[in-house]
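What follows is the content of entry_39.txt, which has compact mmCIF, C-alpha atoms and all ligand atoms:
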```txt
# COMPACT_ATOMS: atom_id res chain seq x y z
CA GLY A 1 144.77 66.96 -69.32
CA LYS A 2 143.18 70.00 -67.76
CA GLY A 3 145.99 72.32 -68.83
CA ASN A 4 145.97 75.40 -66.64
CA TYR A 5 142.36 74.94 -65.61
CA PRO A 6 141.29 73.65 -62.18
CA HIS A 7 138.51 71.56 -63.73
CA PHE A 8 137.70 69.94 -67.05
CA MET A 9 134.38 71.75 -67.00
CA LEU A 10 136.03 75.18 -67.00
CA LYS A 11 138.50 74.09 -69.67
CA GLU A 12 135.63 72.86 -71.82
CA ILE A 13 133.64 76.07 -71.32
CA PHE A 14 136.65 78.05 -72.51
CA GLU A 15 137.19 75.74 -75.50
CA GLN A 16 133.86 76.78 -77.00
CA PRO A 17 135.07 79.50 -79.38
CA ARG A 18 137.17 76.81 -81.06
CA THR A 19 134.76 73.87 -80.82
CA VAL A 20 131.88 75.94 -82.14
CA LYS A 21 134.02 77.29 -84.98
CA ARG A 22 135.32 73.84 -85.89
CA THR A 23 131.76 72.51 -86.01
CA LEU A 24 130.40 75.49 -87.90
CA ASP A 25 133.18 75.22 -90.53
CA VAL A 26 131.90 71.80 -91.56
CA TYR A 27 128.42 73.26 -92.04
CA THR A 28 129.58 76.36 -93.96
CA HIS A 29 129.84 76.44 -97.75
CA PRO A 30 133.50 77.34 -98.33
CA ALA A 31 132.89 79.63 -101.32
CA HIS A 32 129.58 81.24 -100.36
CA GLN A 33 130.13 81.39 -96.60
CA THR A 34 126.55 80.32 -96.05
CA LEU A 35 125.32 77.74 -93.60
CA GLY A 36 123.89 74.42 -94.71
CA LEU A 37 124.42 70.69 -94.58
CA PRO A 38 127.18 68.76 -96.35
CA ARG A 39 125.92 67.77 -99.82
CA ALA A 40 125.63 64.02 -99.17
CA ALA A 41 123.61 64.53 -96.00
CA ALA A 42 121.31 67.09 -97.64
CA ASP A 43 120.60 64.68 -100.51
CA GLN A 44 119.98 61.72 -98.22
CA ILE A 45 117.55 63.67 -96.07
CA ASN A 46 115.86 65.18 -99.13
CA LEU A 47 115.44 68.53 -97.42
CA ALA A 48 112.85 69.93 -99.83
CA ASP A 49 110.36 67.19 -98.92
CA VAL A 50 110.59 67.26 -95.13
CA SER A 51 107.10 68.05 -93.84
CA SER A 52 107.76 67.83 -90.11
CA ILE A 53 110.51 67.01 -87.66
CA TYR A 54 110.57 64.94 -84.48
CA MET A 55 113.54 65.47 -82.21
CA VAL A 56 114.26 62.96 -79.49
CA SER A 57 116.96 63.08 -76.81
CA CYS A 58 117.68 63.31 -73.07
CA GLY A 59 118.90 65.94 -70.62
CA THR A 60 120.96 68.76 -72.02
CA ALA A 61 120.67 67.38 -75.56
CA HIS A 62 116.89 67.64 -75.16
CA TYR A 63 117.20 71.31 -74.26
CA ALA A 64 119.28 71.88 -77.41
CA THR A 65 116.41 70.46 -79.46
CA ARG A 66 113.92 72.64 -77.62
CA VAL A 67 115.89 75.76 -78.53
CA SER A 68 116.06 74.56 -82.14
CA GLU A 69 112.31 74.03 -82.34
CA TYR A 70 111.99 77.82 -82.59
CA TRP A 71 114.52 77.85 -85.45
CA PHE A 72 112.88 75.05 -87.43
CA GLU A 73 109.51 76.72 -87.09
CA GLN A 74 110.48 80.38 -87.44
CA LEU A 75 113.33 80.18 -89.97
CA ALA A 76 112.15 77.17 -91.96
CA GLY A 77 108.39 77.09 -91.32
CA VAL A 78 108.56 73.36 -90.63
CA PRO A 79 106.38 71.98 -87.83
CA SER A 80 108.64 70.46 -85.20
CA LYS A 81 108.13 68.48 -82.08
CA THR A 82 110.58 67.53 -79.37
CA ASP A 83 110.36 64.79 -76.82
CA ILE A 84 112.33 63.16 -74.07
CA ALA A 85 113.52 59.76 -75.31
CA SER A 86 112.22 57.79 -72.32
CA GLU A 87 108.70 59.14 -72.99
CA PHE A 88 108.81 58.87 -76.76
CA ARG A 89 109.94 55.25 -76.87
CA TYR A 90 107.17 53.89 -74.66
CA ARG A 91 104.44 56.11 -76.05
CA ARG A 92 105.14 54.68 -79.48
CA PRO A 93 103.83 57.85 -81.12
CA ALA A 94 102.07 57.99 -84.47
CA LEU A 95 104.47 59.57 -86.98
CA ALA A 96 103.44 61.81 -89.88
CA LYS A 97 104.32 60.94 -93.48
CA ASN A 98 107.39 62.67 -94.89
CA SER A 99 108.55 63.49 -91.42
CA ILE A 100 112.08 62.86 -90.24
CA ALA A 101 113.35 62.00 -86.78
CA VAL A 102 116.45 63.63 -85.33
CA PHE A 103 118.34 62.10 -82.38
CA VAL A 104 120.75 64.33 -80.51
CA SER A 105 123.35 62.79 -78.23
CA GLN A 106 126.84 63.68 -77.11
CA SER A 107 127.85 60.09 -76.32
CA GLY A 108 125.73 58.40 -78.98
CA GLU A 109 125.13 55.59 -76.46
CA THR A 110 122.18 56.83 -74.40
CA ALA A 111 119.88 53.80 -74.01
CA ASP A 112 116.54 55.60 -74.31
CA THR A 113 117.65 57.68 -77.29
CA LEU A 114 118.89 54.56 -79.04
CA ALA A 115 115.61 52.74 -78.39
CA ALA A 116 113.69 55.72 -79.80
CA LEU A 117 115.88 55.65 -82.92
CA ARG A 118 115.18 51.94 -83.41
CA TYR A 119 111.45 52.56 -83.04
CA CYS A 120 111.54 55.25 -85.77
CA LYS A 121 113.48 52.96 -88.09
CA GLU A 122 110.86 50.26 -87.60
CA GLN A 123 108.22 52.84 -88.52
CA GLY A 124 110.12 53.54 -91.72
CA ILE A 125 110.90 57.21 -91.26
CA LYS A 126 114.27 58.72 -92.04
CA THR A 127 116.55 58.97 -89.01
CA VAL A 128 119.24 61.61 -88.49
CA ALA A 129 121.77 61.51 -85.65
CA ILE A 130 123.54 64.57 -84.29
CA VAL A 131 126.31 63.00 -82.24
CA ASN A 132 129.67 63.95 -80.83
CA VAL A 133 131.11 60.42 -80.79
CA GLN A 134 131.11 59.35 -84.42
CA THR A 135 131.92 55.72 -83.68
CA SER A 136 128.93 55.38 -81.35
CA THR A 137 125.96 53.03 -81.69
CA ILE A 138 123.52 55.85 -82.48
CA ALA A 139 125.85 57.12 -85.23
CA ARG A 140 126.14 53.60 -86.68
CA GLU A 141 122.42 52.91 -86.72
CA ALA A 142 121.05 56.23 -88.00
CA ASP A 143 120.43 56.75 -91.72
CA VAL A 144 122.28 60.07 -91.71
CA VAL A 145 124.91 61.40 -89.29
CA LEU A 146 125.53 65.08 -88.66
CA PRO A 147 128.54 65.16 -86.35
CA THR A 148 129.34 67.78 -83.76
CA TYR A 149 133.06 68.47 -83.42
CA ALA A 150 133.22 69.39 -79.75
CA GLY A 151 136.06 66.91 -79.13
CA PRO A 152 136.05 64.60 -76.10
CA GLU A 153 133.94 66.01 -73.27
CA ILE A 154 135.25 64.87 -69.89
CA GLY A 155 133.24 66.97 -67.43
CA VAL A 156 130.02 65.16 -66.60
CA ALA A 157 128.01 68.36 -67.04
CA SER A 158 127.66 68.91 -70.75
CA THR A 159 128.92 72.30 -71.98
CA LYS A 160 130.80 72.38 -75.27
CA ALA A 161 128.75 69.49 -76.64
CA PHE A 162 125.59 71.54 -76.09
CA THR A 163 126.81 74.61 -78.00
CA ALA A 164 128.08 72.38 -80.82
CA GLN A 165 124.63 70.74 -80.97
CA LEU A 166 123.03 74.19 -81.17
CA VAL A 167 125.12 75.25 -84.16
CA VAL A 168 124.47 72.01 -86.06
CA LEU A 169 120.74 72.38 -85.42
CA LEU A 170 120.95 75.98 -86.60
CA ALA A 171 122.74 74.96 -89.81
CA PHE A 172 120.10 72.26 -90.30
CA ALA A 173 117.28 74.80 -89.91
CA VAL A 174 118.94 77.18 -92.39
CA ALA A 175 119.43 74.30 -94.85
CA ILE A 176 115.75 73.33 -94.72
CA ALA A 177 114.66 76.96 -94.91
CA GLU A 178 116.69 77.40 -98.08
CA ALA A 179 115.68 74.09 -99.66
CA GLN A 180 112.01 74.81 -99.08
CA GLY A 181 112.25 78.42 -100.26
CA HIS A 182 111.28 79.77 -96.87
CA LEU A 183 114.36 81.98 -96.93
CA ASP A 184 115.78 83.40 -100.16
CA GLU A 185 119.45 83.54 -101.07
CA ALA A 186 119.98 87.03 -99.64
CA GLU A 187 118.25 86.12 -96.38
CA VAL A 188 120.38 82.99 -96.03
CA ALA A 189 123.52 85.05 -96.69
CA ALA A 190 122.59 87.68 -94.10
CA LEU A 191 121.63 85.11 -91.50
CA SER A 192 124.83 83.12 -92.12
CA ASN A 193 126.85 86.28 -91.70
CA ASP A 194 125.29 86.84 -88.31
CA ILE A 195 125.76 83.23 -87.23
CA LEU A 196 129.41 83.20 -88.28
CA THR A 197 130.18 85.87 -85.67
CA VAL A 198 129.31 83.39 -82.92
CA ASN A 199 132.84 82.41 -81.94
CA SER A 200 133.89 86.02 -81.36
CA ALA A 201 130.65 86.58 -79.42
CA ILE A 202 131.51 83.57 -77.23
CA GLU A 203 135.00 85.05 -76.67
CA LYS A 204 133.41 88.27 -75.45
CA ALA A 205 131.09 86.39 -73.12
CA LEU A 206 134.05 84.42 -71.73
CA SER A 207 135.89 87.67 -71.03
CA LEU A 208 133.13 88.39 -68.49
CA ASP A 209 134.18 85.39 -66.41
CA ASP A 210 135.30 87.54 -63.46
CA VAL A 211 132.10 89.57 -63.55
CA ILE A 212 129.95 86.42 -63.66
CA LYS A 213 131.96 84.82 -60.85
CA LYS A 214 131.05 87.72 -58.54
CA GLU A 215 127.37 87.18 -59.23
CA VAL A 216 127.37 83.73 -57.62
CA ILE A 217 126.72 85.63 -54.43
CA HIS A 218 123.18 85.55 -55.81
CA PHE A 219 122.95 81.87 -54.82
CA GLU A 220 124.59 82.22 -51.43
CA GLN A 221 122.53 80.30 -48.90
CA ALA A 222 119.87 79.48 -51.45
CA ALA A 223 118.08 76.18 -51.04
CA ASP A 224 116.10 76.78 -54.24
CA ALA A 225 116.70 78.84 -57.35
CA PHE A 226 114.52 79.58 -60.34
CA TYR A 227 115.38 80.35 -63.94
CA LEU A 228 112.88 82.14 -66.14
CA GLY A 229 112.80 82.90 -69.84
CA ARG A 230 110.51 83.36 -72.82
CA GLY A 231 110.80 82.08 -76.38
CA VAL A 232 114.17 80.42 -77.02
CA TYR A 233 115.21 81.53 -73.55
CA TYR A 234 112.63 79.26 -71.97
CA PRO A 235 114.48 76.04 -72.83
CA LEU A 236 117.69 77.85 -71.88
CA ALA A 237 116.15 78.50 -68.47
CA LEU A 238 115.63 74.74 -68.18
CA GLU A 239 119.24 74.13 -69.18
CA GLY A 240 120.56 76.78 -66.79
CA ALA A 241 118.64 75.17 -63.94
CA LEU A 242 119.82 71.68 -64.88
CA LYS A 243 123.44 72.82 -64.92
CA LEU A 244 123.11 74.45 -61.49
CA LYS A 245 121.40 71.47 -59.86
CA GLU A 246 123.77 68.91 -61.35
CA ILE A 247 126.96 70.42 -60.05
CA SER A 248 126.03 72.66 -57.10
CA TYR A 249 123.17 70.47 -55.76
CA ILE A 250 121.07 73.60 -55.26
CA HIS A 251 117.50 72.74 -56.13
CA ALA A 252 116.84 74.69 -59.33
CA GLU A 253 113.89 74.80 -61.72
CA GLY A 254 113.32 76.53 -65.00
CA PHE A 255 109.97 78.00 -65.99
CA ALA A 256 108.47 79.85 -68.90
CA SER A 257 108.13 83.43 -67.63
CA GLY A 258 104.52 83.51 -68.76
CA GLU A 259 103.74 80.57 -66.48
CA LEU A 260 104.83 82.46 -63.38
CA LYS A 261 101.30 83.48 -62.48
CA HIS A 262 100.01 79.96 -63.05
CA GLY A 263 101.77 78.50 -60.06
CA PRO A 264 105.49 79.10 -59.57
CA ILE A 265 105.00 82.62 -58.15
CA ALA A 266 103.68 80.97 -54.99
CA LEU A 267 107.27 79.88 -54.30
CA ILE A 268 108.86 83.31 -54.51
CA THR A 269 110.30 84.70 -51.27
CA ALA A 270 113.38 86.69 -50.30
CA LYS A 271 115.19 83.33 -50.11
CA THR A 272 114.52 82.18 -53.67
CA PRO A 273 116.97 83.74 -56.10
CA VAL A 274 115.58 84.06 -59.62
CA VAL A 275 117.63 84.28 -62.80
CA PHE A 276 115.88 86.05 -65.66
CA ILE A 277 117.26 85.34 -69.12
CA ALA A 278 116.02 88.27 -71.13
CA PRO A 279 117.96 90.06 -73.84
CA PHE A 280 116.43 93.25 -75.18
CA ASP A 281 114.20 91.81 -77.89
CA ASP A 282 110.50 91.74 -78.87
CA LEU A 283 109.56 89.86 -75.72
CA PHE A 284 111.61 91.97 -73.34
CA GLU A 285 108.73 94.10 -72.02
CA LYS A 286 106.79 90.94 -71.18
CA SER A 287 109.78 89.50 -69.34
CA LEU A 288 110.30 92.79 -67.53
CA SER A 289 106.78 92.77 -66.16
CA ASN A 290 107.34 89.21 -64.89
CA LEU A 291 110.60 90.35 -63.35
CA GLN A 292 108.79 93.18 -61.57
CA GLU A 293 106.25 90.70 -60.21
CA VAL A 294 109.07 88.67 -58.70
CA ALA A 295 110.81 91.75 -57.31
CA ALA A 296 107.53 92.94 -55.75
CA ARG A 297 107.52 89.70 -53.73
CA SER A 298 111.08 90.32 -52.53
CA GLY A 299 112.52 87.67 -54.83
CA PRO A 300 116.17 88.57 -55.49
CA VAL A 301 116.57 88.84 -59.26
CA LEU A 302 119.68 88.36 -61.38
CA LEU A 303 119.00 89.69 -64.88
CA LEU A 304 121.04 88.24 -67.74
CA SER A 305 120.57 90.72 -70.54
CA ASP A 306 122.46 93.29 -72.60
CA GLU A 307 123.11 96.98 -71.98
CA LYS A 308 119.79 98.08 -73.41
CA GLY A 309 117.81 95.55 -71.42
CA ILE A 310 119.58 96.47 -68.21
CA ALA A 311 118.99 100.18 -68.83
CA HIS A 312 115.28 99.51 -69.40
CA ALA A 313 114.95 97.34 -66.30
CA GLY A 314 116.15 100.20 -64.08
CA SER A 315 116.26 99.27 -60.43
CA ALA A 316 113.90 96.26 -60.61
CA PRO A 317 116.62 93.56 -60.72
CA THR A 318 118.85 93.13 -57.67
CA ARG A 319 121.82 92.27 -59.83
CA SER A 320 122.49 92.11 -63.54
CA ILE A 321 125.02 90.96 -66.09
CA ALA A 322 125.37 92.84 -69.39
CA LEU A 323 126.25 90.31 -72.06
CA PRO A 324 127.79 91.50 -75.34
CA ASN A 325 125.48 92.89 -78.01
CA THR A 326 125.23 90.27 -80.73
CA PRO A 327 122.87 89.45 -83.56
CA GLU A 328 119.67 88.07 -82.06
CA ILE A 329 120.02 84.64 -83.68
CA ILE A 330 123.19 83.78 -81.74
CA MET A 331 122.18 85.36 -78.44
CA PRO A 332 121.01 82.00 -77.01
CA ILE A 333 124.56 80.66 -77.43
CA VAL A 334 126.04 83.72 -75.71
CA GLN A 335 123.53 83.37 -72.87
CA THR A 336 124.47 79.69 -72.55
CA VAL A 337 128.08 80.60 -71.78
CA ALA A 338 126.94 82.86 -68.94
CA LEU A 339 124.67 80.13 -67.54
CA GLN A 340 127.53 77.62 -67.63
CA LEU A 341 129.93 79.96 -65.83
CA LEU A 342 127.33 80.86 -63.25
CA ALA A 343 126.70 77.19 -62.41
CA TYR A 344 130.40 76.43 -62.44
CA HIS A 345 131.37 79.21 -60.03
CA ALA A 346 128.42 78.47 -57.75
CA ALA A 347 129.56 74.84 -57.48
CA VAL A 348 133.17 75.83 -56.87
CA ALA A 349 132.06 78.24 -54.12
CA LEU A 350 130.11 75.40 -52.49
CA GLY A 351 133.07 73.03 -52.80
CA THR A 352 131.42 70.25 -54.77
CA ASP A 353 133.15 67.82 -57.13
CA VAL A 354 132.48 69.80 -60.29
CA ASP A 355 133.74 67.29 -62.86
CA GLN A 356 132.31 64.20 -61.16
CA PRO A 357 129.05 65.23 -59.48
CA ARG A 358 127.54 62.67 -57.15
CA ASN A 359 125.21 60.03 -58.61
CA LEU A 360 125.81 61.07 -62.22
CA ALA A 361 127.51 59.20 -65.05
CA LYS A 362 128.81 60.69 -68.27
CA SER A 363 127.10 58.13 -70.43
CA VAL A 364 123.71 56.62 -69.52
CA THR A 365 123.70 53.26 -71.27
CA VAL A 366 120.97 51.72 -69.13
CA GLU A 367 117.49 53.19 -68.80
C1 LIG A 401 123.70 67.31 -68.48
C2 LIG A 401 124.08 66.04 -69.05
C3 LIG A 401 123.03 65.01 -69.34
C4 LIG A 401 123.15 64.53 -70.78
C5 LIG A 401 122.17 63.40 -71.08
C6 LIG A 401 122.21 62.94 -72.53
O1 LIG A 401 124.78 68.15 -68.26
O2 LIG A 401 125.23 65.82 -69.33
O3 LIG A 401 121.75 65.54 -69.11
O4 LIG A 401 122.95 65.61 -71.63
O5 LIG A 401 122.43 62.32 -70.23
O6 LIG A 401 123.46 62.41 -72.85
P1 LIG A 401 123.89 62.20 -74.34
O7 LIG A 401 123.96 63.56 -74.97
O8 LIG A 401 125.21 61.52 -74.30
O9 LIG A 401 122.82 61.38 -75.01
```
Before anything else, please render the file you have as structure tokens.
Amino acid sequence: GKGNYPHFMLKEIFEQPRTVKRTLDVYTHPAHQTLGLPRAAADQINLADVSSIYMVSCGTAHYATRVSEYWFEQLAGVPSKTDIASEFRYRRPALAKNSIAVFVSQSGETADTLAALRYCKEQGIKTVAIVNVQTSTIAREADVVLPTYAGPEIGVASTKAFTAQLVVLLAFAVAIAEAQGHLDEAEVAALSNDILTVNSAIEKALSLDDVIKKEVIHFEQAADAFYLGRGVYYPLALEGALKLKEISYIHAEGFASGELKHGPIALITAKTPVVFIAPFDDLFEKSLSNLQEVAARSGPVLLLSDEKGIAHAGSAPTRSIALPNTPEIIMPIVQTVALQLLAYHAAVALGTDVDQPRNLAKSVTVE
């Protein structure tokens, strides 16, 4: 049941400290408290020999892989490529030797993702499934299964499955980084320490629920909304926009902040609310100048950042939300929680059917 929550979606958003922890525990070495893969999976994949990674999935699961691309490349130094399953399967891409293919799916039944998995098996490359439903077809057919432990997800809009996917992908990236000597023991220990604070960071983000709820005024009367981010926050912008459009039916698009000038800025008016996802990091100044460009065209800006970022931005954003200060590596997960709550409260304010949005099905078993 929904317990004390009005919707499954809200219940599932609030379950994330536990579902993320439960998932992370399986990918944490009990004695060393370092992240990695369970021994059998690590051996089967042969982590030391992986030369490149293809990740194939749909929708929200695809955005999880797009966030993780930065981790595989930056933490592990392994070239990675992501694709939407419906494109990948029909393109029949050429696959590099010693590459592996990773399929991410909550349901494990998504038709296009399954077809892409079968294609990779035919091509003879190792297949890895990151799935929430362990009895699913994708789990059965993949060579290696790395489960997420989000528990049953009832709300059609994916929330806790997404954050569980992110932590498994993060553990996977740390495991490859260590196996390939891209990170040494001390670096793995420090990084793991940071990552293991994620459930308390999620708790802190959830405690801002009332603050975030007030910010839905940002979308009042909006026909269109834009989400902008750089680096890992670019795919999160895509995910934030997907969540908003799915359940509130407000037309929303995500863009890379750096692409603003290359087209999207033509759309900015006083009636197009923009959400900037920009914690105070190396790319913040770049994001801030994009934010100022939007503000200069009267675009109302909601800045999702931290105290430092908000202090630096001064009066440029119309509104802002200060998320908790956390280690940089887990900030995308903290930002995700804010994006979920923002979409949720916007939909509730508009009176839509949050758990069963029109035209959508929880599991897409036909293409
Ligand atoms: C978005 C959403 C969908 C799914 C997509 C893939 O909130 O739920 O975009 O993420 O249909 O589904 P799975 O993960 O079951 O393969």
| remark: Atom pair CA of Ser99 (chain A) + CA of Ala179 (chain A), distance 15.2 Å
| task | Using all atoms listed in the file, give me every residue within 6 Å of (114.9, 56.5, -92.5) in file coordinates, as a list in words. | result |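 Collected hits near the coordinates: Lys121, Gly124, Ile125, Lys126, Thr127 and Asp143 of chain A.
Candidate residues A:Leu206, A:Ala201, A:Val211, A:Ala139 were compared for distance to ligand LIG 401 (chain A), and the nearest is A:Ala139, using all atoms listed in the file.
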| Close residues to ligand LIG 401 (chain A) using only C-alpha atoms and all ligand atoms, limit 6 Å, as a VMD selection string | chain A and resid 58 to 61 105 to 108 110 156 to 158 243 363 to 364
Counting all atoms listed in the file, find residues at most 9 Å from (121.2, 61.6, -83.7) (file frame) and give them as a PDB file with C-alpha atoms, in the frame of the given file.
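The result, written out as selection12.pdb:
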```
ATOM      1  CA  MET A  55     113.540  65.470 -82.210  1.00  0.00           C
ATOM      2  CA  VAL A  56     114.260  62.960 -79.490  1.00  0.00           C
ATOM      3  CA  SER A  57     116.960  63.080 -76.810  1.00  0.00           C
ATOM      4  CA  ALA A 101     113.350  62.000 -86.780  1.00  0.00           C
ATOM      5  CA  VAL A 102     116.450  63.630 -85.330  1.00  0.00           C
ATOM      6  CA  PHE A 103     118.340  62.100 -82.380  1.00  0.00           C
ATOM      7  CA  VAL A 104     120.750  64.330 -80.510  1.00  0.00           C
ATOM      8  CA  SER A 105     123.350  62.790 -78.230  1.00  0.00           C
ATOM      9  CA  GLN A 106     126.840  63.680 -77.110  1.00  0.00           C
ATOM     10  CA  GLY A 108     125.730  58.400 -78.980  1.00  0.00           C
ATOM     11  CA  THR A 113     117.650  57.680 -77.290  1.00  0.00           C
ATOM     12  CA  LEU A 114     118.890  54.560 -79.040  1.00  0.00           C
ATOM     13  CA  LEU A 117     115.880  55.650 -82.920  1.00  0.00           C
ATOM     14  CA  THR A 127     116.550  58.970 -89.010  1.00  0.00           C
ATOM     15  CA  VAL A 128     119.240  61.610 -88.490  1.00  0.00           C
ATOM     16  CA  ALA A 129     121.770  61.510 -85.650  1.00  0.00           C
ATOM     17  CA  ILE A 130     123.540  64.570 -84.290  1.00  0.00           C
ATOM     18  CA  VAL A 131     126.310  63.000 -82.240  1.00  0.00           C
ATOM     19  CA  ILE A 138     123.520  55.850 -82.480  1.00  0.00           C
ATOM     20  CA  ALA A 139     125.850  57.120 -85.230  1.00  0.00           C
ATOM     21  CA  ALA A 142     121.050  56.230 -88.000  1.00  0.00           C
ATOM     22  CA  VAL A 144     122.280  60.070 -91.710  1.00  0.00           C
ATOM     23  CA  VAL A 145     124.910  61.400 -89.290  1.00  0.00           C
ATOM     24  CA  LEU A 146     125.530  65.080 -88.660  1.00  0.00           C
ATOM     25  CA  PRO A 147     128.540  65.160 -86.350  1.00  0.00           C
TER      26      PRO A 147
END
```
| Pick from A:Pro300, A:Pro79, A:Gly351, A:Gly309: nearest to Leu283 (chain A), with all atoms listed in the file counted? |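 Smallest separation from Leu283 (chain A) among the options: A:Gly309.
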| query | What gap, in Å, lies between CA of Lys160 (chain A) and CA of Ile13 (chain A)? | reply | 6.1 Å
| Out of A:Leu350, A:Val188, A:Ala296, A:Ala42, which residue has the shortest atom-to-atom distance to Gln221 (chain A) when counting only C-alpha atoms? |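 For Gln221 (chain A), the nearest of the candidates is A:Leu350.
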| said: Under the rule that only C-alpha atoms are counted, which of A:Val294, A:Ala252, A:Leu302, A:Leu10 is the nearest residue to Val275 (chain A)? | reply: A:Leu302
| request: Have a look at A:Arg22, A:Lys2, A:His262, A:His7 and name the one nearest to Gly151 (chain A); count all atoms listed in the file. | output: A:Arg22
| message | I'd like the neighbourhood of Ser257 (chain A) as a list in words, where a residue qualifies if any of its atoms comes within 9 Å (using only C-alpha atoms), though same-chain residues fewer than 2 positions away should be ignored. | response | Tyr227, Leu228, Gly229, Arg230, Tyr234, Phe255, Glu259, Leu260, Lys261, Phe276, Lys286, Ser287, Asn290 and Leu291 of chain A
| said: Using Å and a single decimal, report how far CA of Val67 (chain A) sits from CA of Leu238 (chain A). | reply: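 Rounded to one decimal, the two atoms are 10.4 Å apart.
Using only C-alpha atoms for every distance, the candidate list A:Ala278, A:Ile333, A:Ala322, A:Ala161 yields A:Ala322 as the residue closest to Ile212 (chain A).
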Residues near region 26-33 of chain A, cut-off 9 Å, all atoms listed in the file, skip fewer than 4 positions along chain, as a compact mmCIF listing (two decimals) with C-alpha atoms, in the frame of the given file:
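Result file follows (around38.txt):
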```
# COMPACT_ATOMS: atom_id res chain seq x y z
CA LYS A 21 134.02 77.29 -84.98
CA ARG A 22 135.32 73.84 -85.89
CA LEU A 37 124.42 70.69 -94.58
CA PRO A 38 127.18 68.76 -96.35
CA TYR A 149 133.06 68.47 -83.42
CA VAL A 167 125.12 75.25 -84.16
CA VAL A 168 124.47 72.01 -86.06
CA ALA A 171 122.74 74.96 -89.81
CA PHE A 172 120.10 72.26 -90.30
CA ALA A 189 123.52 85.05 -96.69
CA SER A 192 124.83 83.12 -92.12
CA ASN A 193 126.85 86.28 -91.70
CA LEU A 196 129.41 83.20 -88.28
```
Excluding same-chain residues fewer than 6 positions from Lys11 (chain A), what lies within 12 Å of it counting all atoms listed in the file, as a PDB file with C-alpha atoms, keeping the file's coordinate frame?
```pdb
ATOM      1  CA  GLY A   1     144.770  66.960 -69.320  1.00  0.00           C
ATOM      2  CA  LYS A   2     143.180  70.000 -67.760  1.00  0.00           C
ATOM      3  CA  GLY A   3     145.990  72.320 -68.830  1.00  0.00           C
ATOM      4  CA  ASN A   4     145.970  75.400 -66.640  1.00  0.00           C
ATOM      5  CA  TYR A   5     142.360  74.940 -65.610  1.00  0.00           C
ATOM      6  CA  PRO A  17     135.070  79.500 -79.380  1.00  0.00           C
ATOM      7  CA  ARG A  18     137.170  76.810 -81.060  1.00  0.00           C
ATOM      8  CA  THR A  19     134.760  73.870 -80.820  1.00  0.00           C
ATOM      9  CA  PRO A 152     136.050  64.600 -76.100  1.00  0.00           C
ATOM     10  CA  GLU A 153     133.940  66.010 -73.270  1.00  0.00           C
ATOM     11  CA  ILE A 154     135.250  64.870 -69.890  1.00  0.00           C
ATOM     12  CA  GLY A 155     133.240  66.970 -67.430  1.00  0.00           C
ATOM     13  CA  THR A 159     128.920  72.300 -71.980  1.00  0.00           C
ATOM     14  CA  LYS A 160     130.800  72.380 -75.270  1.00  0.00           C
ATOM     15  CA  LEU A 206     134.050  84.420 -71.730  1.00  0.00           C
ATOM     16  CA  GLN A 340     127.530  77.620 -67.630  1.00  0.00           C
ATOM     17  CA  LEU A 341     129.930  79.960 -65.830  1.00  0.00           C
ATOM     18  CA  TYR A 344     130.400  76.430 -62.440  1.00  0.00           C
ATOM     19  CA  VAL A 354     132.480  69.800 -60.290  1.00  0.00           C
ATOM     20  CA  ASP A 355     133.740  67.290 -62.860  1.00  0.00           C
TER      21      ASP A 355
END
```
List the neighbours of Ala177 (chain A) out to 6 Å using all atoms listed in the file; skip same-chain residues closer than 5 positions along the sequence, and give me the result as an mmCIF file with C-alpha atoms, keeping the file's coordinate frame.
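Output contents, as saved in selection.cif:
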```cif
data_model
loop_
_atom_site.group_PDB
_atom_site.id
_atom_site.type_symbol
_atom_site.label_atom_id
_atom_site.label_comp_id
_atom_site.auth_asym_id
_atom_site.auth_seq_id
_atom_site.Cartn_x
_atom_site.Cartn_y
_atom_site.Cartn_z
ATOM 1 C CA ALA A 76 112.150 77.170 -91.960
ATOM 2 C CA HIS A 182 111.280 79.770 -96.870
ATOM 3 C CA LEU A 183 114.360 81.980 -96.930
#
```
| field | Test item: residues at most 7 Å from Ala316 (chain A), all atoms listed in the file, excluding those fewer than 2 positions along its chain, as a PyMOL selection string | value | chain A and resi 292+295+313-314+318
Keeping only C-alpha atoms, take the residues you just selected and write them out as a tab-separated table (two decimals), in the coordinates of the input.
```tsv
chain	number	residue	atom	x	y	z
A	292	GLN	CA	108.79	93.18	-61.57
A	295	ALA	CA	110.81	91.75	-57.31
A	313	ALA	CA	114.95	97.34	-66.30
A	314	GLY	CA	116.15	100.20	-64.08
A	318	THR	CA	118.85	93.13	-57.67
```
